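Engineer: The structure is given below, and queries will be raised subsequently.
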Amino acid sequence: MFKKSPIIITILLTFLLACVTGCGNNADSAANKDDTPVSPEKQETLMVYCGAGLRTATDDIAQVFEDKYNVKIEYQYTGSAQNLTQIELTKQGDLYIPGALSYGEKAKKKGFVSDMKNICYHIPVIGVPEGNPAGIKVIEDLAKPEVKVVLGDPQGPAIGKTSVKILEKANIYDAVKSNLVSTTATVNEIVTYLSMKQCDASIVWEDNANGVKGIEIIQIPPEQNDIKTVPVCVLNFSKKPELAQKFADFIVSQEGKDIFKKHGFRPIEE
């Protein structure tokens with residue numbers, strides 16, 4: 001028989017060990033390659049202070065923007081005045097979308113705004129429950145005895161401050177105050193009062209009440225009205241100023257304004 005040399009045996013064993021180790025490593029590598037999840041692209045986030053009455057349109061815009069650019073929009077919805085107070089206290093956030101231009105001007109005067117653009121008009125109307133049980137026809141009817149009225153808080157949502165101006169212009173503010181059953185922190189609460197027939201009349205934004213089940217709207221003549229402009233403001237303490245500006249530009253683009261129009265707003269056409 002052939003006598004095996006110790007040297008040859010050692011070489012063979014070394015070769016076999018190398019093969020086993022190499023194959024094992026290759027298998028492990030393949031397994032790791034298959035099992036390791038692919039990390040998704042990191043999603044950026046923008047924090048936006050927004051008037052509650054704009055929610056239908058701004059939620060829709062946020063979804064479109066996220067789908068296009070993988071940017072998450074986080075809104076803080078409340079009255080425009082409360083949002084401005086929060087901005088002043090925290091000095092945080094990326095954008096501010098109030099229900100009236102006056103709030104944007106205040107933020108700009110305080111040095112909070114690096115850029116401001118106009119989006120659309122906010123048009124006040126008289127809102128009444130379906131069937132108009134109190135027979136409201138004109139703004140002066142809100143001052144009639146025993147008419148139950150709900151208004152936005154003058155220190156809260158933009159519609160509250162606007163309602164005061166309209167009623168003062170008609171010289172009926174004090175009389176209407178006597179008919180108040182409640183004031184609200186947001187315009188959305190007014191819509192709830194009207195749709196549930198918990199009041200006879202209110203002043204509400206046209207876009208919030210138009211088409212809502214259980215509510216009818218009565219137009220206020222332009223000479224008696226206080227039509228507002230809705231702006232978008234880029235906050236100058238944003239940590240993502242370029243991205244914040246990109247969202248603001250998208251909102252005032254034709255695509256953005258078409259979304260506002262779809263939700264009953266009247267865009268400002270440049």
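Quick note on naming: the chains in the structure tokens go A, B, ... in the order shown, residues restart at 1 in each chain, and ligands are numbered from 1 in order of appearance.
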Hey, what does DSSP flag as strand (DSSP E) within stretch 38-233 of chain A? Can you give it to me as a VMD selection string?

Structural biologist: chain A and resid 44 to 51 71 to 78 95 to 97 113 to 122 124 to 129 149 to 152 180 to 184 201 to 205 215 to 219 228 to 233

Engineer: Give me the residues of stretch 30-97 of chain A that have any atom at most 12 Å from an atom of stretch 101-108 of chain A; for each, the nearest atom pair and the distance in Å, rounded to one decimal. Use only C-alpha atoms, sort by chain and number, and format it as CSV.

Structural biologist:
```
residue,atom,partner,partner_atom,distance
A:Tyr49,CA,A:Gly104,CA,11.4
A:Cys50,CA,A:Gly104,CA,11.3
A:Gly51,CA,A:Tyr103,CA,10.5
A:Gly79,CA,A:Tyr103,CA,10.6
A:Ser80,CA,A:Tyr103,CA,7.0
A:Ala81,CA,A:Tyr103,CA,7.2
A:Gln82,CA,A:Tyr103,CA,10.5
A:Asn83,CA,A:Tyr103,CA,9.6
A:Leu84,CA,A:Ala107,CA,7.0
A:Thr85,CA,A:Ala107,CA,9.6
A:Gln86,CA,A:Ala107,CA,11.3
A:Ile87,CA,A:Ala107,CA,8.7
A:Glu88,CA,A:Ala107,CA,8.5
A:Lys91,CA,A:Ala107,CA,11.3
A:Leu95,CA,A:Gly104,CA,10.6
A:Tyr96,CA,A:Gly104,CA,7.7
A:Ile97,CA,A:Gly104,CA,7.8
```

Engineer: Can you pull out every residue from stretch 110-265 of chain A that DSSP, working from the backbone, puts in alpha helix (DSSP H), and format the result as a PyMOL selection string?

Structural biologist: chain A and resi 158-169+173-179+187-195+206-209+241-251+254-262

Engineer: The selected residues should be written to file as a short mmCIF file (atom, residue, chain, number, x, y, z; two decimals), in the first residue's frame (atoms: N, CA and C atoms).

Structural biologist:
```
data_model
loop_
_atom_site.label_atom_id
_atom_site.label_comp_id
_atom_site.auth_asym_id
_atom_site.auth_seq_id
_atom_site.Cartn_x
_atom_site.Cartn_y
_atom_site.Cartn_z
N ALA A 158 -59.56 83.46 14.12
CA ALA A 158 -59.69 84.66 13.29
C ALA A 158 -61.14 85.06 13.07
N ILE A 159 -62.04 84.05 12.98
CA ILE A 159 -63.45 84.36 12.75
C ILE A 159 -64.05 85.14 13.92
N GLY A 160 -63.52 84.98 15.12
CA GLY A 160 -64.03 85.70 16.28
C GLY A 160 -63.78 87.19 16.17
N LYS A 161 -62.56 87.54 15.86
CA LYS A 161 -62.20 88.95 15.70
C LYS A 161 -62.94 89.57 14.51
N THR A 162 -63.06 88.79 13.44
CA THR A 162 -63.75 89.27 12.24
C THR A 162 -65.24 89.51 12.51
N SER A 163 -65.85 88.61 13.29
CA SER A 163 -67.28 88.75 13.61
C SER A 163 -67.55 90.06 14.35
N VAL A 164 -66.66 90.39 15.28
CA VAL A 164 -66.81 91.65 16.02
C VAL A 164 -66.79 92.83 15.06
N LYS A 165 -65.88 92.83 14.12
CA LYS A 165 -65.79 93.94 13.16
C LYS A 165 -67.06 94.06 12.32
N ILE A 166 -67.59 92.93 11.88
CA ILE A 166 -68.81 92.95 11.06
C ILE A 166 -69.99 93.49 11.86
N LEU A 167 -70.12 93.02 13.09
CA LEU A 167 -71.25 93.45 13.93
C LEU A 167 -71.11 94.91 14.35
N GLU A 168 -69.89 95.35 14.60
CA GLU A 168 -69.68 96.75 14.94
C GLU A 168 -69.97 97.65 13.75
N LYS A 169 -69.59 97.19 12.57
CA LYS A 169 -69.87 97.97 11.35
C LYS A 169 -71.37 98.14 11.16
N TYR A 173 -73.38 95.20 17.63
CA TYR A 173 -72.55 94.30 18.43
C TYR A 173 -73.09 94.11 19.85
N ASP A 174 -73.47 95.19 20.51
CA ASP A 174 -73.96 95.08 21.89
C ASP A 174 -75.25 94.27 21.95
N ALA A 175 -76.13 94.48 20.97
CA ALA A 175 -77.40 93.73 20.95
C ALA A 175 -77.15 92.25 20.72
N VAL A 176 -76.22 91.93 19.84
CA VAL A 176 -75.91 90.51 19.56
C VAL A 176 -75.25 89.86 20.77
N LYS A 177 -74.42 90.61 21.49
CA LYS A 177 -73.78 90.07 22.70
C LYS A 177 -74.84 89.59 23.70
N SER A 178 -75.98 90.27 23.74
CA SER A 178 -77.07 89.87 24.63
C SER A 178 -77.71 88.56 24.20
N ASN A 179 -77.52 88.20 22.93
CA ASN A 179 -78.10 86.96 22.40
C ASN A 179 -77.13 85.78 22.41
N VAL A 187 -63.35 77.71 14.79
CA VAL A 187 -64.51 77.82 13.90
C VAL A 187 -65.17 76.46 13.73
N ASN A 188 -64.43 75.39 13.88
CA ASN A 188 -65.02 74.05 13.74
C ASN A 188 -66.08 73.78 14.80
N GLU A 189 -65.91 74.37 15.98
CA GLU A 189 -66.92 74.22 17.03
C GLU A 189 -68.21 74.94 16.66
N ILE A 190 -68.09 76.06 15.96
CA ILE A 190 -69.29 76.77 15.50
C ILE A 190 -70.08 75.89 14.54
N VAL A 191 -69.38 75.24 13.65
CA VAL A 191 -70.02 74.33 12.69
C VAL A 191 -70.80 73.24 13.42
N THR A 192 -70.22 72.73 14.50
CA THR A 192 -70.91 71.70 15.28
C THR A 192 -72.18 72.24 15.92
N TYR A 193 -72.11 73.44 16.50
CA TYR A 193 -73.31 74.06 17.08
C TYR A 193 -74.42 74.19 16.03
N LEU A 194 -74.06 74.66 14.85
CA LEU A 194 -75.07 74.87 13.81
C LEU A 194 -75.66 73.56 13.32
N SER A 195 -74.81 72.59 13.04
CA SER A 195 -75.29 71.32 12.48
C SER A 195 -76.15 70.54 13.48
N GLU A 206 -67.16 80.86 4.91
CA GLU A 206 -67.93 80.21 3.84
C GLU A 206 -67.42 78.80 3.55
N ASP A 207 -66.11 78.64 3.50
CA ASP A 207 -65.56 77.33 3.14
C ASP A 207 -65.81 76.28 4.21
N ASN A 208 -65.97 76.70 5.47
CA ASN A 208 -66.23 75.74 6.54
C ASN A 208 -67.67 75.24 6.55
N ALA A 209 -68.60 76.09 6.14
CA ALA A 209 -70.02 75.73 6.22
C ALA A 209 -70.61 75.26 4.91
N PRO A 241 -34.87 75.87 6.98
CA PRO A 241 -35.44 77.00 6.24
C PRO A 241 -35.68 76.72 4.76
N GLU A 242 -34.78 75.99 4.13
CA GLU A 242 -34.97 75.71 2.70
C GLU A 242 -36.17 74.81 2.47
N LEU A 243 -36.33 73.80 3.33
CA LEU A 243 -37.46 72.89 3.21
C LEU A 243 -38.77 73.61 3.55
N ALA A 244 -38.74 74.46 4.57
CA ALA A 244 -39.93 75.24 4.93
C ALA A 244 -40.34 76.15 3.78
N GLN A 245 -39.36 76.77 3.13
CA GLN A 245 -39.66 77.63 1.98
C GLN A 245 -40.23 76.81 0.82
N LYS A 246 -39.74 75.60 0.67
CA LYS A 246 -40.23 74.73 -0.40
C LYS A 246 -41.71 74.40 -0.19
N PHE A 247 -42.09 74.16 1.07
CA PHE A 247 -43.50 73.86 1.37
C PHE A 247 -44.36 75.10 1.15
N ALA A 248 -43.87 76.26 1.57
CA ALA A 248 -44.61 77.51 1.36
C ALA A 248 -44.82 77.77 -0.13
N ASP A 249 -43.77 77.56 -0.92
CA ASP A 249 -43.87 77.76 -2.37
C ASP A 249 -44.85 76.78 -3.00
N PHE A 250 -44.89 75.55 -2.47
CA PHE A 250 -45.83 74.56 -3.00
C PHE A 250 -47.27 74.98 -2.70
N ILE A 251 -47.50 75.49 -1.50
CA ILE A 251 -48.85 75.91 -1.12
C ILE A 251 -49.39 76.99 -2.05
N GLN A 254 -49.82 76.76 -8.31
CA GLN A 254 -51.15 76.50 -8.88
C GLN A 254 -51.72 75.20 -8.36
N GLU A 255 -50.87 74.20 -8.18
CA GLU A 255 -51.33 72.91 -7.65
C GLU A 255 -51.88 73.08 -6.23
N GLY A 256 -51.16 73.85 -5.41
CA GLY A 256 -51.62 74.09 -4.05
C GLY A 256 -52.92 74.87 -4.01
N LYS A 257 -53.01 75.92 -4.82
CA LYS A 257 -54.22 76.73 -4.83
C LYS A 257 -55.42 75.95 -5.36
N ASP A 258 -55.18 75.03 -6.29
CA ASP A 258 -56.26 74.18 -6.80
C ASP A 258 -56.83 73.30 -5.68
N ILE A 259 -55.96 72.88 -4.76
CA ILE A 259 -56.43 72.08 -3.62
C ILE A 259 -57.31 72.94 -2.72
N PHE A 260 -56.89 74.17 -2.45
CA PHE A 260 -57.71 75.07 -1.64
C PHE A 260 -59.06 75.30 -2.34
N LYS A 261 -59.03 75.49 -3.64
CA LYS A 261 -60.27 75.72 -4.39
C LYS A 261 -61.20 74.52 -4.29
N LYS A 262 -60.63 73.33 -4.34
CA LYS A 262 -61.43 72.10 -4.25
C LYS A 262 -62.19 72.04 -2.92
#
```

Engineer: If we count only C-alpha atoms, what is near stretch 120-122 of chain A at a cut-off of 9 Å, once residues fewer than 5 positions away on the same chain are taken out, given as a list in words?

Structural biologist: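 Counting only the stated atoms, we get Gly99, Ala100, Trp205, Glu206, Asp207, Ile227, Lys228, Thr229, Val230, Pro231, Val252, Lys257, Phe260, Lys261, Phe265, Arg266, Pro267, Ile268 and Glu269 of chain A.
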
Engineer: Output N, CA and C atoms for every residue in the selection just made, as a tab-separated table (two decimals), in the first residue's frame.

Structural biologist:
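Saved file selection-v9.tsv follows:
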```tsv
chain	number	residue	atom	x	y	z
A	99	GLY	N	-55.59	82.28	9.99
A	99	GLY	CA	-56.81	82.47	9.22
A	99	GLY	C	-57.00	83.86	8.67
A	100	ALA	N	-56.11	84.78	9.02
A	100	ALA	CA	-56.23	86.16	8.52
A	100	ALA	C	-54.85	86.79	8.43
A	205	TRP	N	-66.83	81.02	8.42
A	205	TRP	CA	-66.21	81.11	7.10
A	205	TRP	C	-67.03	80.32	6.08
A	206	GLU	N	-67.16	80.86	4.91
A	206	GLU	CA	-67.93	80.21	3.84
A	206	GLU	C	-67.42	78.80	3.55
A	207	ASP	N	-66.11	78.64	3.50
A	207	ASP	CA	-65.56	77.33	3.14
A	207	ASP	C	-65.81	76.28	4.21
A	227	ILE	N	-63.85	90.64	4.63
A	227	ILE	CA	-63.19	89.53	3.96
A	227	ILE	C	-61.70	89.53	4.29
A	228	LYS	N	-61.18	88.34	4.61
A	228	LYS	CA	-59.79	88.21	5.04
A	228	LYS	C	-58.94	87.51	3.98
A	229	THR	N	-57.63	87.70	4.11
A	229	THR	CA	-56.66	87.02	3.26
A	229	THR	C	-55.86	86.04	4.12
A	230	VAL	N	-55.72	84.82	3.64
A	230	VAL	CA	-54.96	83.79	4.36
A	230	VAL	C	-53.52	83.75	3.83
A	231	PRO	N	-52.53	83.96	4.70
A	231	PRO	CA	-51.13	83.88	4.25
A	231	PRO	C	-50.45	82.60	4.74
A	252	VAL	N	-48.54	77.95	-2.43
A	252	VAL	CA	-49.02	79.05	-3.28
A	252	VAL	C	-48.84	78.76	-4.77
A	257	LYS	N	-53.01	75.92	-4.82
A	257	LYS	CA	-54.22	76.73	-4.83
A	257	LYS	C	-55.42	75.95	-5.36
A	260	PHE	N	-56.89	74.17	-2.45
A	260	PHE	CA	-57.71	75.07	-1.64
A	260	PHE	C	-59.06	75.30	-2.34
A	261	LYS	N	-59.03	75.49	-3.64
A	261	LYS	CA	-60.27	75.72	-4.39
A	261	LYS	C	-61.20	74.52	-4.29
A	265	PHE	N	-62.40	77.17	-0.93
A	265	PHE	CA	-61.74	78.47	-0.75
A	265	PHE	C	-61.64	79.19	-2.10
A	266	ARG	N	-61.44	80.50	-2.03
A	266	ARG	CA	-61.26	81.29	-3.25
A	266	ARG	C	-59.79	81.73	-3.33
A	267	PRO	N	-59.00	81.04	-4.13
A	267	PRO	CA	-57.55	81.36	-4.21
A	267	PRO	C	-57.31	82.76	-4.74
A	268	ILE	N	-56.19	83.32	-4.31
A	268	ILE	CA	-55.74	84.61	-4.82
A	268	ILE	C	-54.89	84.35	-6.05
A	269	GLU	N	-55.36	84.77	-7.18
A	269	GLU	CA	-54.64	84.55	-8.43
A	269	GLU	C	-53.71	85.73	-8.69
```

Engineer: Would you compute the distance between atom CA of A:Ile220 and atom CA of A:Ala52? Give it in Å to one decimal.

Structural biologist: 22.2 Å

Engineer: Just the number, please: distance in Å from atom CA of A:Val64 to atom CA of A:Asn118, one decimal.

Structural biologist: 19.7 Å

Engineer: Could you please determine the separation between atom CA of A:Lys240 and atom CA of A:Thr186 in Å, to one decimal place?

Structural biologist: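 Separation of atom CA of A:Lys240 and atom CA of A:Thr186: 28.9 Å.
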
Engineer: Kindly indicate which residue among A:Ile119, A:Ile139, A:Ala57, A:Gln63 lies nearest to A:Ser253, using only C-alpha atoms for the distances.

Structural biologist: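 Looking only at the distances to A:Ser253, the closest residue turns out to be A:Ile119.
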
Engineer: Can you list, as JSON, numbers by chain, every protein, DNA or RNA residue that comes within 8 Å of stretch 110-113 of chain A when you count only C-alpha atoms, leaving out same-chain residues fewer than 5 positions away?

Structural biologist: {"A": [233, 234, 235, 236, 237]}
